[in-house]
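K.L.:
Structure file data_24.pdb (PDB, C-alpha atoms and all ligand atoms) is given on the next line.
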```
MODEL        1
ATOM      1  CA  MET T1406      -9.589  64.028  40.454
ATOM      2  CA  LEU T1407      -5.813  63.812  40.414
ATOM      3  CA  GLN T1408      -4.138  66.740  42.137
ATOM      4  CA  HIS T1409      -0.590  67.649  41.258
ATOM      5  CA  THR T1410      -0.099  69.490  44.530
ATOM      6  CA  PRO T1411      -1.838  69.139  47.904
ATOM      7  CA  VAL T1412      -4.982  71.231  48.518
ATOM      8  CA  ASN T1413      -5.503  73.083  51.818
ATOM      9  CA  SER T1414      -2.100  71.965  52.987
ATOM     10  CA  GLY T1415       1.497  73.030  52.840
ATOM     11  CA  TRP T1416       4.345  70.919  51.534
ATOM     12  CA  ILE T1417       8.112  70.790  51.061
ATOM     13  CA  GLU T1418       9.933  70.733  47.732
ATOM     14  CA  VAL T1419      13.687  70.093  47.579
ATOM     15  CA  ILE T1420      15.819  71.034  44.588
ATOM     16  CA  THR T1421      19.251  69.496  44.962
ATOM     17  CA  GLY T1422      22.319  68.316  43.051
ATOM     18  CA  SER T1423      25.890  69.476  42.593
ATOM     19  CA  MET T1424      27.169  72.962  41.906
ATOM     20  CA  PHE T1425      26.489  74.196  38.356
ATOM     21  CA  SER T1426      23.441  71.909  38.050
ATOM     22  CA  GLY T1427      20.914  74.759  37.825
ATOM     23  CA  LYS T1428      19.394  74.496  41.334
ATOM     24  CA  THR T1429      19.114  78.235  41.870
ATOM     25  CA  GLU T1430      17.731  78.767  38.344
ATOM     26  CA  GLU T1431      15.013  76.222  39.083
ATOM     27  CA  LEU T1432      14.252  77.831  42.459
ATOM     28  CA  ILE T1433      13.964  81.255  40.817
ATOM     29  CA  ARG T1434      11.690  79.824  38.099
ATOM     30  CA  ARG T1435       9.292  78.323  40.671
ATOM     31  CA  MET T1436       9.262  81.506  42.783
ATOM     32  CA  ARG T1437       8.519  83.622  39.709
ATOM     33  CA  ARG T1438       5.620  81.415  38.638
ATOM     34  CA  ALA T1439       4.074  81.691  42.123
ATOM     35  CA  GLU T1440       4.555  85.454  42.031
ATOM     36  CA  ILE T1441       2.778  85.677  38.652
ATOM     37  CA  ALA T1442      -0.136  83.802  40.263
ATOM     38  CA  LYS T1443      -0.236  86.616  42.880
ATOM     39  CA  GLN T1444       0.856  84.370  45.727
ATOM     40  CA  LYS T1445       2.843  86.058  48.452
ATOM     41  CA  ILE T1446       6.430  84.902  48.071
ATOM     42  CA  VAL T1447       9.591  85.400  50.092
ATOM     43  CA  LEU T1448      13.056  84.101  49.303
ATOM     44  CA  PHE T1449      15.821  83.681  51.873
ATOM     45  CA  LYS T1450      19.529  83.192  51.497
ATOM     46  CA  PRO T1451      22.279  82.801  54.107
ATOM     47  CA  SER T1452      24.166  85.994  54.876
ATOM     48  CA  ILE T1453      27.369  83.889  54.621
ATOM     49  CA  ASP T1454      26.921  83.754  50.831
ATOM     50  CA  GLU T1455      27.943  87.190  49.555
ATOM     51  CA  ARG T1456      29.249  86.030  46.194
ATOM     52  CA  TYR T1457      27.039  88.265  44.091
ATOM     53  CA  SER T1458      24.722  90.551  46.056
ATOM     54  CA  THR T1459      23.264  91.075  49.518
ATOM     55  CA  ASP T1460      19.694  91.768  48.411
ATOM     56  CA  PHE T1461      19.209  89.375  45.531
ATOM     57  CA  VAL T1462      19.648  85.730  44.734
ATOM     58  CA  VAL T1463      21.561  85.417  41.517
ATOM     59  CA  SER T1464      22.099  82.105  39.784
ATOM     60  CA  HIS T1465      25.405  81.366  38.048
ATOM     61  CA  ASP T1466      23.750  82.496  34.796
ATOM     62  CA  LYS T1467      22.964  85.877  36.467
ATOM     63  CA  ARG T1468      19.166  85.497  36.748
ATOM     64  CA  VAL T1469      18.017  87.618  39.648
ATOM     65  CA  ILE T1470      15.223  87.633  42.247
ATOM     66  CA  GLU T1471      14.940  89.711  45.414
ATOM     67  CA  ALA T1472      16.079  87.853  48.522
ATOM     68  CA  VAL T1473      16.339  88.418  52.253
ATOM     69  CA  SER T1474      19.723  87.623  53.803
ATOM     70  CA  VAL T1475      19.368  85.847  57.143
ATOM     71  CA  GLU T1476      21.811  84.652  59.786
ATOM     72  CA  ASP T1477      20.005  81.424  60.705
ATOM     73  CA  SER T1478      16.845  79.390  60.201
ATOM     74  CA  LYS T1479      15.116  80.959  63.243
ATOM     75  CA  GLN T1480      14.992  84.213  61.288
ATOM     76  CA  ILE T1481      13.446  82.380  58.325
ATOM     77  CA  GLU T1482      10.605  81.187  60.540
ATOM     78  CA  ILE T1483       9.990  84.631  62.037
ATOM     79  CA  LEU T1484      10.082  86.464  58.695
ATOM     80  CA  SER T1485       7.883  83.919  56.833
ATOM     81  CA  LYS T1486       4.674  84.609  58.734
ATOM     82  CA  ALA T1487       2.888  86.710  56.089
ATOM     83  CA  TYR T1488       3.832  84.570  53.062
ATOM     84  CA  ASP T1489       2.306  81.659  51.124
ATOM     85  CA  VAL T1490       5.480  80.475  49.411
ATOM     86  CA  VAL T1491       8.848  80.374  51.187
ATOM     87  CA  GLY T1492      12.020  79.841  49.143
ATOM     88  CA  ILE T1493      15.364  78.996  50.744
ATOM     89  CA  ASP T1494      18.570  79.038  48.699
ATOM     90  CA  GLU T1495      21.954  77.515  49.673
ATOM     91  CA  ALA T1496      20.254  75.467  52.393
ATOM     92  CA  GLN T1497      23.477  73.598  53.242
ATOM     93  CA  PHE T1498      24.631  76.696  55.155
ATOM     94  CA  PHE T1499      21.684  76.624  57.588
ATOM     95  CA  GLY T1500      22.457  73.301  59.304
ATOM     96  CA  LEU T1501      20.091  70.728  60.752
ATOM     97  CA  GLU T1502      17.930  73.316  62.517
ATOM     98  CA  LEU T1503      16.428  74.102  59.101
ATOM     99  CA  VAL T1504      14.690  70.708  58.951
ATOM    100  CA  GLU T1505      12.271  71.447  61.790
ATOM    101  CA  VAL T1506      11.736  74.991  60.579
ATOM    102  CA  CYS T1507      10.680  73.707  57.122
ATOM    103  CA  GLU T1508       8.447  71.106  58.741
ATOM    104  CA  ARG T1509       6.686  73.744  60.864
ATOM    105  CA  LEU T1510       6.263  76.139  57.905
ATOM    106  CA  ALA T1511       4.741  73.351  55.780
ATOM    107  CA  ASN T1512       2.468  72.359  58.661
ATOM    108  CA  GLN T1513       1.209  75.962  58.717
ATOM    109  CA  GLY T1514       0.037  75.509  55.121
ATOM    110  CA  LYS T1515       2.975  77.111  53.337
ATOM    111  CA  ARG T1516       4.689  75.849  50.203
ATOM    112  CA  VAL T1517       8.367  75.546  51.145
ATOM    113  CA  ILE T1518      10.911  75.320  48.323
ATOM    114  CA  VAL T1519      14.449  74.479  49.435
ATOM    115  CA  SER T1520      17.516  74.494  47.212
ATOM    116  CA  GLY T1521      20.914  73.231  48.317
ATOM    117  CA  LEU T1522      23.865  70.919  47.800
ATOM    118  CA  ASP T1523      23.361  67.258  48.683
ATOM    119  CA  GLN T1524      27.101  66.471  48.904
ATOM    120  CA  ASP T1525      30.082  68.262  50.375
ATOM    121  CA  PHE T1526      33.480  68.556  48.645
ATOM    122  CA  GLN T1527      34.397  65.036  49.781
ATOM    123  CA  GLY T1528      31.256  63.516  48.272
ATOM    124  CA  LYS T1529      29.667  63.006  51.707
ATOM    125  CA  PRO T1530      25.954  63.765  52.393
ATOM    126  CA  PHE T1531      25.697  67.432  53.360
ATOM    127  CA  GLU T1532      23.226  68.202  56.152
ATOM    128  CA  PRO T1533      20.461  69.289  56.173
ATOM    129  CA  ILE T1534      19.608  68.253  52.591
ATOM    130  CA  PRO T1535      19.608  64.454  53.222
ATOM    131  CA  GLN T1536      17.143  64.938  56.103
ATOM    132  CA  LEU T1537      14.996  67.312  54.017
ATOM    133  CA  LEU T1538      14.907  64.793  51.152
ATOM    134  CA  ALA T1539      13.457  62.256  53.579
ATOM    135  CA  ILE T1540      10.552  64.459  54.684
ATOM    136  CA  ALA T1541       9.842  66.360  51.417
ATOM    137  CA  GLU T1542       6.798  65.700  49.249
ATOM    138  CA  PHE T1543       8.628  66.633  46.034
ATOM    139  CA  ILE T1544      12.271  66.119  45.099
ATOM    140  CA  THR T1545      14.189  67.360  42.078
ATOM    141  CA  LYS T1546      17.778  66.190  41.729
ATOM    142  CA  ASN T1547      19.692  68.005  39.015
ATOM    143  CA  LEU T1548      22.922  66.925  37.389
ATOM    144  CA  ALA T1549      25.659  69.157  36.026
ATOM    145  CA  ILE T1550      28.043  68.181  33.241
ATOM    146  CA  CYS T1551      31.501  66.892  34.191
ATOM    147  CA  MET T1552      34.008  69.594  33.298
ATOM    148  CA  VAL T1553      36.641  66.913  32.572
ATOM    149  CA  CYS T1554      34.853  64.271  30.464
ATOM    150  CA  GLY T1555      31.324  65.541  29.703
ATOM    151  CA  ASN T1556      29.443  62.808  31.602
ATOM    152  CA  PRO T1557      26.504  63.701  33.864
ATOM    153  CA  ALA T1558      28.069  65.041  37.079
ATOM    154  CA  ASN T1559      26.831  65.044  40.671
ATOM    155  CA  ARG T1560      30.037  65.844  42.618
ATOM    156  CA  ASN T1561      31.718  69.093  43.665
ATOM    157  CA  GLN T1562      35.436  69.048  42.915
ATOM    158  CA  ARG T1563      37.220  71.630  45.040
ATOM    159  CA  MET T1564      40.101  73.173  43.116
ATOM    160  CA  THR T1565      42.127  74.226  46.173
ATOM    161  CA  ALA T1566      43.791  72.353  49.064
ATOM    162  CA  ASP T1567      41.493  73.954  51.687
ATOM    163  CA  GLN T1568      40.024  71.173  53.858
ATOM    164  CA  SER T1569      37.304  73.127  55.681
ATOM    165  CA  ARG T1570      33.786  72.002  54.840
ATOM    166  CA  VAL T1571      32.466  75.427  53.877
ATOM    167  CA  VAL T1572      34.497  77.331  51.307
ATOM    168  CA  ILE T1573      32.371  79.846  49.424
ATOM    169  CA  GLY T1574      33.185  80.050  45.779
ATOM    170  CA  GLY T1575      32.084  79.670  42.191
ATOM    171  CA  LYS T1576      33.897  78.675  39.044
ATOM    172  CA  GLU T1577      37.293  79.728  40.448
ATOM    173  CA  SER T1578      37.156  77.237  43.345
ATOM    174  CA  TYR T1579      34.964  74.343  42.167
ATOM    175  CA  GLU T1580      34.266  72.133  39.172
ATOM    176  CA  ALA T1581      31.357  69.802  38.523
ATOM    177  CA  ARG T1582      32.764  66.270  38.178
ATOM    178  CA  CYS T1583      31.345  62.810  37.490
ATOM    179  CA  ARG T1584      31.933  59.764  39.686
ATOM    180  CA  THR T1585      34.999  58.742  37.661
ATOM    181  CA  CYS T1586      36.714  62.139  37.451
ATOM    182  CA  PHE T1587      35.973  63.197  41.047
ATOM    183  CA  GLN T1588      39.228  63.277  43.097
ATOM    184  CA  PRO T1589      38.444  64.698  46.546
ATOM    185  CA  ASN T1590      42.102  64.804  47.569
ATOM    186  CA  GLU T1591      43.594  65.852  44.228
ATOM    187  CA  PHE T1592      44.907  69.187  45.457
ATOM    188  CA  VAL T1593      45.826  68.008  48.944
ATOM    189  CA  GLU T1594      48.053  65.241  47.552
ATOM    190  CA  LYS T1595      49.727  67.612  45.122
ATOM    191  CA  LYS T1596      50.392  70.221  47.798
ATOM    192  CA  PRO T1597      54.126  70.989  47.823
ATOM    193  CA  LYS T1598      55.993  71.695  51.068
ATOM    194  CA  ASP T1599      56.186  75.418  50.401
ATOM    195  CA  GLY T1600      52.437  75.925  49.813
ATOM    196  CA  TYR T1601      49.968  75.192  47.052
ATOM    197  CA  GLU T1602      49.855  78.497  45.124
ATOM    198  CA  GLN T1603      51.868  77.142  42.231
ATOM    199  CA  VAL T1604      49.671  74.030  41.981
ATOM    200  CA  ILE T1605      46.572  76.191  41.671
ATOM    201  CA  SER T1606      48.068  78.389  38.983
ATOM    202  CA  ALA T1607      49.375  75.332  37.093
ATOM    203  CA  ASN T1608      45.813  74.007  36.958
ATOM    204  CA  ALA T1609      44.045  77.302  36.258
TER     205      ALA T1609
HETATM  206 ZN    ZN K   1      33.998  62.944  34.214
ENDMDL
END
```
For the file at hand, write its structure as structure tokens.
Ligand SMILES: [Zn+2]
P.N.:
Amino acid sequence: MLQHTPVNSGWIEVITGSMFSGKTEELIRRMRRAEIAKQKIVLFKPSIDERYSTDFVVSHDKRVIEAVSVEDSKQIEILSKAYDVVGIDEAQFFGLELVEVCERLANQGKRVIVSGLDQDFQGKPFEPIPQLLAIAEFITKNLAICMVCGNPANRNQRMTADQSRVVIGGKESYEARCRTCFQPNEFVEKKPKDGYEQVISANA
């Protein structure tokens, strides 16, 4: 008989793609379905991500599920003990340590569902998602729609000149862009000598 999911075993699912591709919506949908089946679920998010709420994960379309804010992946492992299904949102903020934590949780028989960005704002692979894709049983890669031309989009266009890798933000700081419209240095190159405020407002 063909099984769609492993029996008597845990596994890892990764939901990835660019911003605005519906990763969190898909994570929430899977967590809800497990909850309806009376499985014990727990959802974690990094405490760094305070865009919407400290106690809930909210997708860009405002769908909500209760979540536990944690500082690092060690806490995820400790707090997952009593649960069958472990969800992790915004996995790119947990770093490479998350890979071994997910592996151990799956080896304990848990279903681990990880959502996170696969590329940073320069279009480079964003750890730990590339490593998680390699060891996961199931992979879903979502595309957004390019906000410039309407093509399928898998890149995160940062709309400010900030060059640090982690800049928390939503629609005010990022756009989904396709391969052609993606310009990682667009705002850096335009930066005038006296600051970039006027460039941002000109493009708002
Ligand atoms: Zn485009």
K.L.:
For ligand ZN 1 (chain K), collect every residue having any atom at a distance of at most 9 Å from a ligand atom (counting only C-alpha atoms and all ligand atoms); output as a PyMOL selection string.
P.N.:
chain T and resi 1550-1558+1581-1587
K.L.:
Can you pull out the residues contacting Val1475 (chain T)? Cut-off 7 Å, using all atoms listed in the file, and skip same-chain residues under 3 positions away; I want them as a PyMOL selection string.
P.N.:
chain T and resi 1449-1452+1480-1481
K.L.:
Apply the PyMOL selection byres (((chain T and resi 1431) around 10) and not hetatm) to the displayed file and report the matching residues as a PyMOL selection string.
P.N.:
chain T and resi 1420-1421+1426-1430+1432-1437+1464+1520+1545+1547
K.L.:
Written as a compact mmCIF listing (two decimals) with C-alpha atoms, in the coordinates of the input, which residues does the PyMOL selection byres (((chain T and resi 1524) around 10) and not hetatm) give for the file shown?
P.N.:
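Final output, expr-v3.txt:
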```
# COMPACT_ATOMS: atom_id res chain seq x y z
CA THR T 1421 19.25 69.50 44.96
CA GLY T 1422 22.32 68.32 43.05
CA SER T 1423 25.89 69.48 42.59
CA MET T 1424 27.17 72.96 41.91
CA GLN T 1497 23.48 73.60 53.24
CA GLY T 1521 20.91 73.23 48.32
CA LEU T 1522 23.86 70.92 47.80
CA ASP T 1523 23.36 67.26 48.68
CA ASP T 1525 30.08 68.26 50.38
CA PHE T 1526 33.48 68.56 48.64
CA GLN T 1527 34.40 65.04 49.78
CA GLY T 1528 31.26 63.52 48.27
CA LYS T 1529 29.67 63.01 51.71
CA PRO T 1530 25.95 63.76 52.39
CA PHE T 1531 25.70 67.43 53.36
CA GLU T 1532 23.23 68.20 56.15
CA ILE T 1534 19.61 68.25 52.59
CA PRO T 1535 19.61 64.45 53.22
CA ASN T 1559 26.83 65.04 40.67
CA ARG T 1560 30.04 65.84 42.62
CA ASN T 1561 31.72 69.09 43.66
```
K.L.:
Just so the selection is clear, what residues does the PyMOL selection byres (((chain T and resi 1493) around 7) and not hetatm) cover here, as a PyMOL selection string?
P.N.:
chain T and resi 1448-1450+1491-1492+1494-1496+1518-1520
K.L.:
Which residue, T:Leu1538, T:Cys1507, T:Ala1549, T:Val1517, has the smallest gap to Phe1425 (chain T) when you use all atoms listed in the file?
P.N.:
T:Ala1549
K.L.:
If you measure from CA of Gln1588 (chain T) to CA of Met1564 (chain T), what distance in Å do you get, rounded to one decimal?
P.N.:
9.9 Å
K.L.:
Suppose you want the space between CA of Gly1575 (chain T) and CA of Ile1453 (chain T); what is it in Å?
P.N.:
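Between CA of Gly1575 (chain T) and CA of Ile1453 (chain T) the gap is 13.9 Å.
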K.L.:
Report, in Å with one decimal, the straight-line distance from CA of Gln1513 (chain T) to CA of Ser1414 (chain T).
P.N.:
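CA of Ser1414 (chain T) lies at a distance of 7.7 Å from CA of Gln1513 (chain T).
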K.L.:
Using all atoms listed in the file, which of T:Ser1569, T:Gln1444, T:Asn1512, T:Gln1562 sits nearest Ile1540 (chain T)?
P.N.:
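Of T:Ser1569, T:Gln1444, T:Asn1512, T:Gln1562, the one nearest Ile1540 (chain T) is T:Asn1512, counting all atoms listed in the file.
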K.L.:
In terms of the shortest atom-to-atom distance over all atoms listed in the file, which of T:Lys1515, T:His1409, T:Lys1546, T:Lys1576 is closest to Lys1486 (chain T)?
P.N.:
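Result for the nearest residue to Lys1486 (chain T): T:Lys1515.
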K.L.:
Looking at all atoms listed in the file, which of T:Val1593, T:Gln1568, T:Val1490, T:Gly1500 is the one that sits closest to Lys1443 (chain T)?
P.N.:
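Of T:Val1593, T:Gln1568, T:Val1490, T:Gly1500, the one nearest Lys1443 (chain T) is T:Val1490, counting all atoms listed in the file.
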K.L.:
Excluding Lys1479 (chain T) and its own-chain neighbours fewer than 2 positions away, which residues fall within 10 Å of it when counting all atoms listed in the file? Please give them as a list in words.
P.N.:
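Result of the neighbour search: Val1475, Glu1476, Asp1477, Ile1481, Glu1482, Ile1483, Leu1484, Phe1499, Glu1502, Leu1503 and Val1506 of chain T.
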K.L.:
List the spatial neighbours of Asp1567 (chain T) as a ChimeraX atom specification - criterion: any atom at most 10 Å away, all atoms listed in the file, same-chain residues fewer than 3 positions off excluded.
P.N.:
/T:1563-1564,1570-1572,1578,1592-1593,1601
